[in-house]
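Asker: Supplied structure: start-v9.cif, mmCIF, C-alpha atoms and all ligand atoms.
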data_entry
loop_
_atom_site.label_atom_id
_atom_site.label_comp_id
_atom_site.auth_asym_id
_atom_site.auth_seq_id
_atom_site.Cartn_x
_atom_site.Cartn_y
_atom_site.Cartn_z
CA MET T 807 -34.20 36.50 -30.24
CA PHE T 808 -35.53 39.94 -29.30
CA GLU T 809 -37.10 38.89 -26.03
CA ARG T 810 -35.27 40.77 -23.26
CA SER T 811 -32.85 42.26 -25.80
CA VAL T 812 -30.52 45.22 -25.54
CA LEU T 813 -28.47 46.96 -28.19
CA ILE T 814 -25.19 48.26 -26.77
CA ALA T 815 -23.22 50.60 -29.04
CA ALA T 816 -20.23 52.85 -28.54
CA HIS T 817 -21.15 56.29 -29.88
CA PRO T 818 -24.47 58.05 -30.37
CA ASP T 819 -25.38 57.37 -34.05
CA ASP T 820 -23.70 53.92 -34.11
CA GLU T 821 -27.06 52.37 -33.27
CA VAL T 822 -28.54 53.54 -36.57
CA LEU T 823 -25.37 53.18 -38.65
CA TRP T 824 -24.68 49.51 -37.86
CA PHE T 825 -27.88 48.17 -36.27
CA SER T 826 -30.74 49.92 -38.08
CA SER T 827 -32.53 46.67 -38.94
CA VAL T 828 -32.84 45.68 -35.27
CA LEU T 829 -33.02 49.14 -33.71
CA TRP T 830 -36.81 49.06 -33.54
CA LYS T 831 -36.95 45.41 -32.46
CA VAL T 832 -34.78 45.51 -29.32
CA ASP T 833 -36.23 46.41 -25.92
CA ARG T 834 -33.72 49.17 -25.25
CA VAL T 835 -30.56 50.85 -26.44
CA VAL T 836 -27.48 51.65 -24.33
CA LEU T 837 -24.80 53.98 -25.71
CA ALA T 838 -21.40 54.21 -24.06
CA PHE T 839 -19.70 57.49 -24.95
CA ARG T 840 -20.71 61.15 -25.04
CA ASP T 841 -17.98 63.82 -24.82
CA TYR T 842 -14.94 63.88 -27.08
CA ASP T 843 -12.06 66.27 -26.25
CA ALA T 844 -11.05 66.64 -29.88
CA VAL T 845 -14.50 68.01 -30.78
CA PRO T 846 -15.54 70.53 -28.09
CA GLY T 847 -19.30 70.72 -27.68
CA LEU T 848 -19.97 67.35 -29.32
CA GLY T 849 -21.19 65.84 -26.06
CA GLN T 850 -23.81 68.56 -25.59
CA CYS T 851 -25.00 68.13 -29.17
CA ARG T 852 -25.29 64.39 -28.62
CA ALA T 853 -27.20 64.89 -25.36
CA ALA T 854 -29.69 67.12 -27.18
CA ALA T 855 -30.11 64.61 -30.01
CA LEU T 856 -30.69 61.74 -27.57
CA THR T 857 -33.75 63.49 -26.11
CA GLU T 858 -35.45 63.32 -29.52
CA LEU T 859 -34.76 59.72 -30.46
CA PRO T 860 -37.94 57.63 -30.86
CA TYR T 861 -36.64 54.58 -28.98
CA ARG T 862 -35.75 53.77 -25.39
CA VAL T 863 -32.15 54.89 -25.09
CA THR T 864 -29.75 55.62 -22.26
CA CYS T 865 -26.19 56.93 -22.51
CA LEU T 866 -23.52 55.97 -19.99
CA GLY T 867 -21.92 59.37 -20.65
CA ILE T 868 -18.33 58.11 -20.63
CA PRO T 869 -15.82 60.52 -22.27
CA GLU T 870 -14.22 59.05 -25.40
CA ALA T 871 -10.58 58.00 -25.02
CA GLY T 872 -9.62 59.54 -28.36
CA SER T 873 -8.50 56.18 -29.72
CA TRP T 874 -9.60 56.80 -33.32
CA HIS T 875 -6.87 56.03 -35.88
CA LEU T 876 -4.32 55.08 -33.21
CA ALA T 877 -4.20 51.33 -33.93
CA ASP T 878 -2.07 49.83 -36.69
CA TRP T 879 -4.92 48.59 -38.87
CA ALA T 880 -2.56 46.94 -41.35
CA ASP T 881 -1.29 44.67 -38.57
CA PRO T 882 -3.46 45.29 -35.50
CA ARG T 883 -2.43 43.89 -32.14
CA ILE T 884 -5.30 42.68 -29.97
CA THR T 885 -4.96 43.44 -26.26
CA GLU T 886 -7.17 42.74 -23.27
CA PHE T 887 -8.49 46.32 -23.58
CA GLY T 888 -9.20 46.26 -27.32
CA LEU T 889 -6.36 47.15 -29.67
CA ALA T 890 -2.82 48.39 -29.01
CA LEU T 891 -2.67 52.18 -29.62
CA ASN T 892 0.37 54.19 -30.68
CA SER T 893 -0.14 56.89 -27.99
CA SER T 894 0.60 56.31 -24.33
CA SER T 895 -1.82 59.01 -23.10
CA ALA T 896 -4.67 57.68 -25.26
CA SER T 897 -3.81 54.14 -24.14
CA ARG T 898 -4.22 55.14 -20.50
CA ARG T 899 -7.66 56.63 -21.18
CA TYR T 900 -8.59 53.61 -23.32
CA GLU T 901 -7.63 51.18 -20.56
CA ALA T 902 -9.54 53.23 -17.99
CA ASN T 903 -12.60 53.21 -20.26
CA PHE T 904 -12.41 49.42 -20.55
CA ARG T 905 -12.66 49.11 -16.77
CA VAL T 906 -15.50 51.61 -16.50
CA LEU T 907 -17.42 49.93 -19.34
CA ARG T 908 -16.97 46.50 -17.80
CA SER T 909 -18.18 47.68 -14.42
CA ARG T 910 -21.14 49.71 -15.72
CA LEU T 911 -22.30 47.07 -18.21
CA ARG T 912 -21.98 44.14 -15.85
CA ALA T 913 -24.75 45.74 -13.80
CA GLU T 914 -27.02 45.82 -16.89
CA LEU T 915 -26.63 42.20 -17.99
CA THR T 916 -28.11 38.87 -16.97
CA SER T 917 -27.92 35.38 -18.45
CA ASP T 918 -31.41 35.49 -19.97
CA ILE T 919 -30.97 38.45 -22.32
CA ALA T 920 -29.83 38.93 -25.91
CA VAL T 921 -27.14 41.54 -26.54
CA PHE T 922 -26.54 43.16 -29.92
CA THR T 923 -23.18 44.93 -30.11
CA HIS T 924 -20.19 45.78 -32.30
CA ASN T 925 -18.16 43.08 -34.01
CA PRO T 926 -14.53 42.29 -33.04
CA TRP T 927 -13.06 44.31 -35.92
CA GLY T 928 -15.22 47.36 -35.15
CA GLU T 929 -17.24 47.31 -38.41
CA TYR T 930 -15.30 49.78 -40.63
CA GLY T 931 -12.52 49.79 -38.00
CA HIS T 932 -12.98 51.92 -34.88
CA GLU T 933 -10.84 51.19 -31.84
CA ASP T 934 -13.71 52.04 -29.45
CA HIS T 935 -16.02 49.55 -31.18
CA VAL T 936 -13.38 46.83 -30.82
CA GLN T 937 -13.05 47.69 -27.14
CA LEU T 938 -16.78 47.44 -26.52
CA TYR T 939 -16.90 44.04 -28.24
CA ARG T 940 -14.09 42.80 -26.01
CA VAL T 941 -15.79 44.09 -22.86
CA LEU T 942 -19.00 42.32 -23.81
CA GLU T 943 -17.35 39.12 -25.02
CA GLY T 944 -15.65 38.89 -21.62
CA LEU T 945 -18.94 39.48 -19.82
CA ARG T 946 -20.70 36.96 -22.09
CA ARG T 947 -18.22 34.28 -21.06
CA GLU T 948 -18.77 35.20 -17.41
CA ILE T 949 -22.55 35.73 -17.37
CA GLY T 950 -23.70 33.61 -20.30
CA PHE T 951 -26.10 35.87 -22.27
CA ARG T 952 -26.69 35.47 -26.02
CA MET T 953 -24.75 37.87 -28.24
CA TRP T 954 -25.14 38.98 -31.86
CA VAL T 955 -22.79 41.16 -33.92
CA PRO T 956 -23.26 42.68 -37.40
CA THR T 957 -21.08 41.62 -40.34
CA TYR T 958 -20.12 45.10 -41.57
CA SER T 959 -16.44 45.53 -42.45
CA SER T 960 -14.22 47.68 -44.66
CA THR T 961 -10.89 47.47 -46.45
CA TRP T 962 -9.46 49.08 -43.34
CA SER T 963 -10.71 46.47 -40.87
CA ALA T 964 -10.25 43.49 -43.24
CA ALA T 965 -6.95 42.37 -41.70
CA LEU T 966 -8.55 42.13 -38.25
CA ALA T 967 -11.76 40.55 -39.57
CA ALA T 968 -9.66 37.82 -41.20
CA ARG T 969 -8.58 36.66 -37.75
CA TYR T 970 -12.12 35.57 -36.87
CA ALA T 971 -14.34 32.72 -37.95
CA ARG T 972 -17.84 31.58 -37.14
CA SER T 973 -17.86 28.97 -34.46
CA SER T 974 -19.36 25.64 -35.51
CA ASP T 975 -22.66 26.37 -33.75
CA ALA T 976 -22.89 30.03 -34.84
CA ARG T 977 -26.19 31.23 -36.27
CA LEU T 978 -26.76 33.83 -38.99
CA CYS T 979 -29.82 36.09 -39.11
CA ARG T 980 -30.73 38.67 -41.76
CA PHE T 981 -33.18 41.53 -41.32
CA PRO T 982 -34.35 44.13 -43.85
CA VAL T 983 -33.30 47.73 -43.35
CA ASP T 984 -35.96 50.44 -43.33
CA ARG T 985 -33.83 53.10 -45.01
CA ILE T 986 -36.47 55.81 -44.64
CA ALA T 987 -36.70 55.29 -40.87
CA ALA T 988 -32.90 55.13 -40.61
CA ALA T 989 -32.51 58.34 -42.62
CA ARG T 990 -34.98 60.04 -40.29
CA ILE T 991 -32.75 59.20 -37.30
CA ALA T 992 -29.66 60.36 -39.22
CA GLY T 993 -31.54 63.62 -39.84
CA LEU T 994 -32.06 64.08 -36.09
CA TYR T 995 -28.34 63.65 -35.45
CA ARG T 996 -27.51 66.03 -38.31
CA LYS T 997 -29.95 68.58 -36.95
CA HIS T 998 -27.93 68.58 -33.73
CA ASP T 999 -24.62 68.64 -35.63
CA CYS T 1000 -23.44 65.29 -34.31
CA TRP T 1001 -23.81 62.86 -37.24
CA THR T 1002 -20.32 61.36 -37.47
CA TRP T 1003 -20.45 59.24 -40.63
CA TRP T 1004 -19.01 60.73 -43.80
CA SER T 1005 -21.97 60.10 -46.10
CA ASP T 1006 -25.72 60.25 -45.87
CA ALA T 1007 -26.77 56.73 -46.69
CA PRO T 1008 -24.51 53.84 -45.77
CA TRP T 1009 -27.33 51.33 -45.39
CA PRO T 1010 -27.62 48.12 -47.41
CA ALA T 1011 -31.00 46.54 -48.18
CA GLU T 1012 -30.53 44.11 -45.31
CA GLU T 1013 -28.17 43.52 -42.43
CA CYS T 1014 -26.68 40.22 -41.32
CA PHE T 1015 -25.91 39.30 -37.72
CA VAL T 1016 -23.84 36.40 -36.48
CA SER T 1017 -23.65 34.81 -33.04
CA THR T 1018 -20.41 33.65 -31.47
CA LEU T 1019 -17.18 34.26 -33.36
CA ASN T 1020 -13.83 32.71 -32.54
CA GLU T 1021 -10.33 34.06 -32.93
CA VAL T 1022 -8.42 31.72 -35.24
CA ALA T 1023 -4.74 30.99 -35.61
CA THR T 1024 -4.64 31.10 -39.40
CA ARG T 1025 -6.18 33.55 -41.83
CA GLN T 1026 -9.71 32.64 -42.87
CA GLU T 1027 -11.21 32.80 -46.32
CA PRO T 1028 -13.46 35.89 -46.58
CA SER T 1029 -16.41 33.57 -47.13
CA ALA T 1030 -16.07 32.23 -43.59
CA ILE T 1031 -18.17 35.19 -42.43
CA PRO T 1032 -20.58 36.90 -44.86
CA LEU T 1033 -18.94 40.33 -44.62
CA SER T 1034 -20.77 43.42 -45.79
CA CYS T 1035 -18.11 45.89 -46.91
CA VAL T 1036 -18.85 49.60 -46.40
CA ALA T 1037 -17.25 52.41 -48.40
CA LEU T 1038 -14.75 54.59 -46.59
CA PRO T 1039 -14.04 58.31 -47.19
CA GLN T 1040 -11.91 58.80 -50.31
ZN ZN Y 1101 -18.84 54.60 -33.29
#
Output the file's structure in the form of structure tokens.

Answerer:
Amino acid sequence: MFERSVLIAAHPDDEVLWFSSVLWKVDRVVLAFRDYDAVPGLGQCRAAALTELPYRVTCLGIPEAGSWHLADWADPRITEFGLALNSSSASRRYEANFRVLRSRLRAELTSDIAVFTHNPWGEYGHEDHVQLYRVLEGLRREIGFRMWVPTYSSTWSAALAARYARSSDARLCRFPVDRIAAARIAGLYRKHDCWTWWSDAPWPAEECFVSTLNEVATRQEPSAIPLSCVALPQ
């Protein structure tokens, strides 16, 4: 499953937060976003960190839309661009990012590759992660590559996760996490002041990935997908 494989994640550090068990197995890593208006200088810090990462990584350098926290996570509304946001200016940037991502990523993808990317509820619940999933799910339907998403979730993203189920032919794969190697990457991001997770060590002993998920009309039992719930800031 790692032959001609690419890990595509939204923000620099997502690749080690949500994909650490496959980070050293994939052929290459593509990260979408770099600058973030709300945190001046973050993009430069990220660019510096990226030069030190011990894997093949490229960043598309797209400015973040500033979508964080703008969806109604208690009752999220899925749109063609990701999730409905409660800010018209952020929505415009978010929609523009969807188009740029779709165009840039289409050029990277062929039918014979395996793509690892965010799940449709954005792991703990990030609007940009949801958007990237929707971009890639659309491209998967068009191009036909294999796709795997992690099963991380949180109390925040649970309502959205409940709208998905494994398709009948979906596969599950589990891989052990090398927490020491992951912590070393986190240390690189911290050194450059651009580690964005709230704690030091979110990693479980192993990660689970699932292929093809379907949106479902009725709420699924949590056991339908083996969710791995992460702790959120208190
Ligand atoms: Zn992220």

Asker: Residues within 6 Å of (-30.4, 44.2, -31.1), file coordinates, counting only C-alpha atoms: what are they? Give the list as a list in words.

Answerer: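 I get Val812, Leu813, Val828, Val832 and Phe922 of chain T for the residues within 6 Å of that point.
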
Asker: As a ChimeraX atom specification, please: every protein or nucleic acid residue near ligand ZN 1101 (chain Y) (cut-off 12 Å, counting only C-alpha atoms and all ligand atoms).

Answerer: /T:814-825,837-840,842,870,872-874,923-925,928-939,1000-1003

Asker: Looking at T:Arg940, T:Arg899, T:Arg977, T:His998, which one is nearest to Trp954 of chain T, with distances taken over all atoms listed in the file?

Answerer: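 Using all atoms listed in the file, Trp954 of chain T sits closest to T:Arg977.
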
Asker: Using Å and a single decimal, report how far atom CA of Trp962 of chain T sits from atom CA of Ile868 of chain T.

Answerer: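 If I compute the distance from atom CA of Ile868 of chain T to atom CA of Trp962 of chain T, I get 26.0 Å.
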
Asker: Using all atoms listed in the file, what residues lie at most 9 Å away from (-3.4, 46.6, -38.8) (file coordinates), given as a PyMOL selection string?

Answerer: chain T and resi 877-883+962-966

Asker: Please compute the atom CA of Tyr970 of chain T-atom CA of Tyr958 of chain T distance, one decimal, in Å.

Answerer: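 A separation of 13.3 Å between them.
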
Asker: By how many Å are atom CA of Gly944 of chain T and atom CA of Arg862 of chain T apart?

Answerer: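 Straight-line distance from atom CA of Gly944 of chain T to atom CA of Arg862 of chain T works out to 25.3 Å.
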
Asker: Between T:Ala920, T:Ala844, T:Val1036, T:Met953, which is the closest to Glu1013 of chain T once you count only C-alpha atoms?

Answerer: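 Counting only C-alpha atoms, the residue closest to Glu1013 of chain T is T:Val1036.
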
Asker: Determine the nearest neighbour of Asp975 of chain T from the options T:Val845, T:Ala853, T:Val1016, T:Ala913, counting all atoms listed in the file.

Answerer: T:Val1016

Asker: Measuring between all atoms listed in the file, which one of T:Ser1017, T:Ser894, T:Asn903, T:Ser960 shows the shortest distance to Arg980 of chain T?

Answerer: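 Distance minimum relative to Arg980 of chain T lands on T:Ser1017.
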
Asker: Using all atoms listed in the file, which of T:Met807, T:Glu858, T:Glu943, T:Gln850 sits nearest Phe887 of chain T?

Answerer: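 Answer, going by the shortest atom-to-atom distance: T:Glu943.
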
Asker: Counting all atoms listed in the file, which of T:Ile986, T:Leu907, T:Ala902, T:Leu856 gets nearest to Ser827 of chain T?

Answerer: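 For Ser827 of chain T, the nearest of the given residues is T:Ile986.
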
Asker: How about completing segment 944-966 of chain T with N, CA and C atoms and giving it to me as an mmCIF file, in the frame of the given file?

Answerer:
data_model
loop_
_atom_site.group_PDB
_atom_site.id
_atom_site.type_symbol
_atom_site.label_atom_id
_atom_site.label_comp_id
_atom_site.auth_asym_id
_atom_site.auth_seq_id
_atom_site.Cartn_x
_atom_site.Cartn_y
_atom_site.Cartn_z
ATOM 1 N N GLY T 944 -16.090 39.340 -22.943
ATOM 2 C CA GLY T 944 -15.650 38.890 -21.620
ATOM 3 C C GLY T 944 -16.812 38.682 -20.681
ATOM 4 N N LEU T 945 -17.767 39.602 -20.701
ATOM 5 C CA LEU T 945 -18.940 39.480 -19.820
ATOM 6 C C LEU T 945 -19.833 38.321 -20.269
ATOM 7 N N ARG T 946 -19.903 38.096 -21.597
ATOM 8 C CA ARG T 946 -20.700 36.960 -22.090
ATOM 9 C C ARG T 946 -20.148 35.641 -21.557
ATOM 10 N N ARG T 947 -18.831 35.526 -21.557
ATOM 11 C CA ARG T 947 -18.220 34.280 -21.060
ATOM 12 C C ARG T 947 -18.484 34.111 -19.563
ATOM 13 N N GLU T 948 -18.555 35.243 -18.864
ATOM 14 C CA GLU T 948 -18.770 35.200 -17.410
ATOM 15 C C GLU T 948 -20.240 34.992 -17.063
ATOM 16 N N ILE T 949 -21.132 35.705 -17.759
ATOM 17 C CA ILE T 949 -22.550 35.730 -17.370
ATOM 18 C C ILE T 949 -23.382 34.752 -18.194
ATOM 19 N N GLY T 950 -23.030 34.616 -19.485
ATOM 20 C CA GLY T 950 -23.700 33.610 -20.300
ATOM 21 C C GLY T 950 -24.871 34.090 -21.138
ATOM 22 N N PHE T 951 -24.999 35.394 -21.420
ATOM 23 C CA PHE T 951 -26.100 35.870 -22.270
ATOM 24 C C PHE T 951 -25.805 35.541 -23.740
ATOM 25 N N ARG T 952 -26.848 35.668 -24.578
ATOM 26 C CA ARG T 952 -26.690 35.470 -26.020
ATOM 27 C C ARG T 952 -26.151 36.762 -26.635
ATOM 28 N N MET T 953 -25.331 36.662 -27.656
ATOM 29 C CA MET T 953 -24.750 37.870 -28.240
ATOM 30 C C MET T 953 -24.756 37.780 -29.763
ATOM 31 N N TRP T 954 -25.086 38.885 -30.406
ATOM 32 C CA TRP T 954 -25.140 38.980 -31.860
ATOM 33 C C TRP T 954 -24.329 40.186 -32.313
ATOM 34 N N VAL T 955 -23.558 40.018 -33.379
ATOM 35 C CA VAL T 955 -22.790 41.160 -33.920
ATOM 36 C C VAL T 955 -23.058 41.271 -35.422
ATOM 37 N N PRO T 956 -23.018 42.504 -35.964
ATOM 38 C CA PRO T 956 -23.260 42.680 -37.400
ATOM 39 C C PRO T 956 -22.022 42.278 -38.204
ATOM 40 N N THR T 957 -22.199 42.092 -39.507
ATOM 41 C CA THR T 957 -21.080 41.620 -40.340
ATOM 42 C C THR T 957 -20.503 42.734 -41.211
ATOM 43 N N TYR T 958 -20.737 43.987 -40.846
ATOM 44 C CA TYR T 958 -20.120 45.100 -41.570
ATOM 45 C C TYR T 958 -18.596 45.032 -41.428
ATOM 46 N N SER T 959 -17.905 45.416 -42.501
ATOM 47 C CA SER T 959 -16.440 45.530 -42.450
ATOM 48 C C SER T 959 -16.034 46.571 -43.479
ATOM 49 N N SER T 960 -14.729 46.753 -43.641
ATOM 50 C CA SER T 960 -14.220 47.680 -44.660
ATOM 51 C C SER T 960 -12.836 47.199 -45.069
ATOM 52 N N THR T 961 -12.265 47.827 -46.065
ATOM 53 C CA THR T 961 -10.890 47.470 -46.450
ATOM 54 C C THR T 961 -9.936 47.735 -45.299
ATOM 55 N N TRP T 962 -10.268 48.708 -44.485
ATOM 56 C CA TRP T 962 -9.460 49.080 -43.340
ATOM 57 C C TRP T 962 -9.431 47.979 -42.268
ATOM 58 N N SER T 963 -10.609 47.445 -41.966
ATOM 59 C CA SER T 963 -10.710 46.470 -40.870
ATOM 60 C C SER T 963 -10.528 45.031 -41.351
ATOM 61 N N ALA T 964 -10.278 44.845 -42.657
ATOM 62 C CA ALA T 964 -10.250 43.490 -43.240
ATOM 63 C C ALA T 964 -9.184 42.604 -42.585
ATOM 64 N N ALA T 965 -8.015 43.190 -42.277
ATOM 65 C CA ALA T 965 -6.950 42.370 -41.700
ATOM 66 C C ALA T 965 -7.368 41.815 -40.340
ATOM 67 N N LEU T 966 -8.088 42.610 -39.561
ATOM 68 C CA LEU T 966 -8.550 42.130 -38.250
ATOM 69 C C LEU T 966 -9.715 41.151 -38.411
#
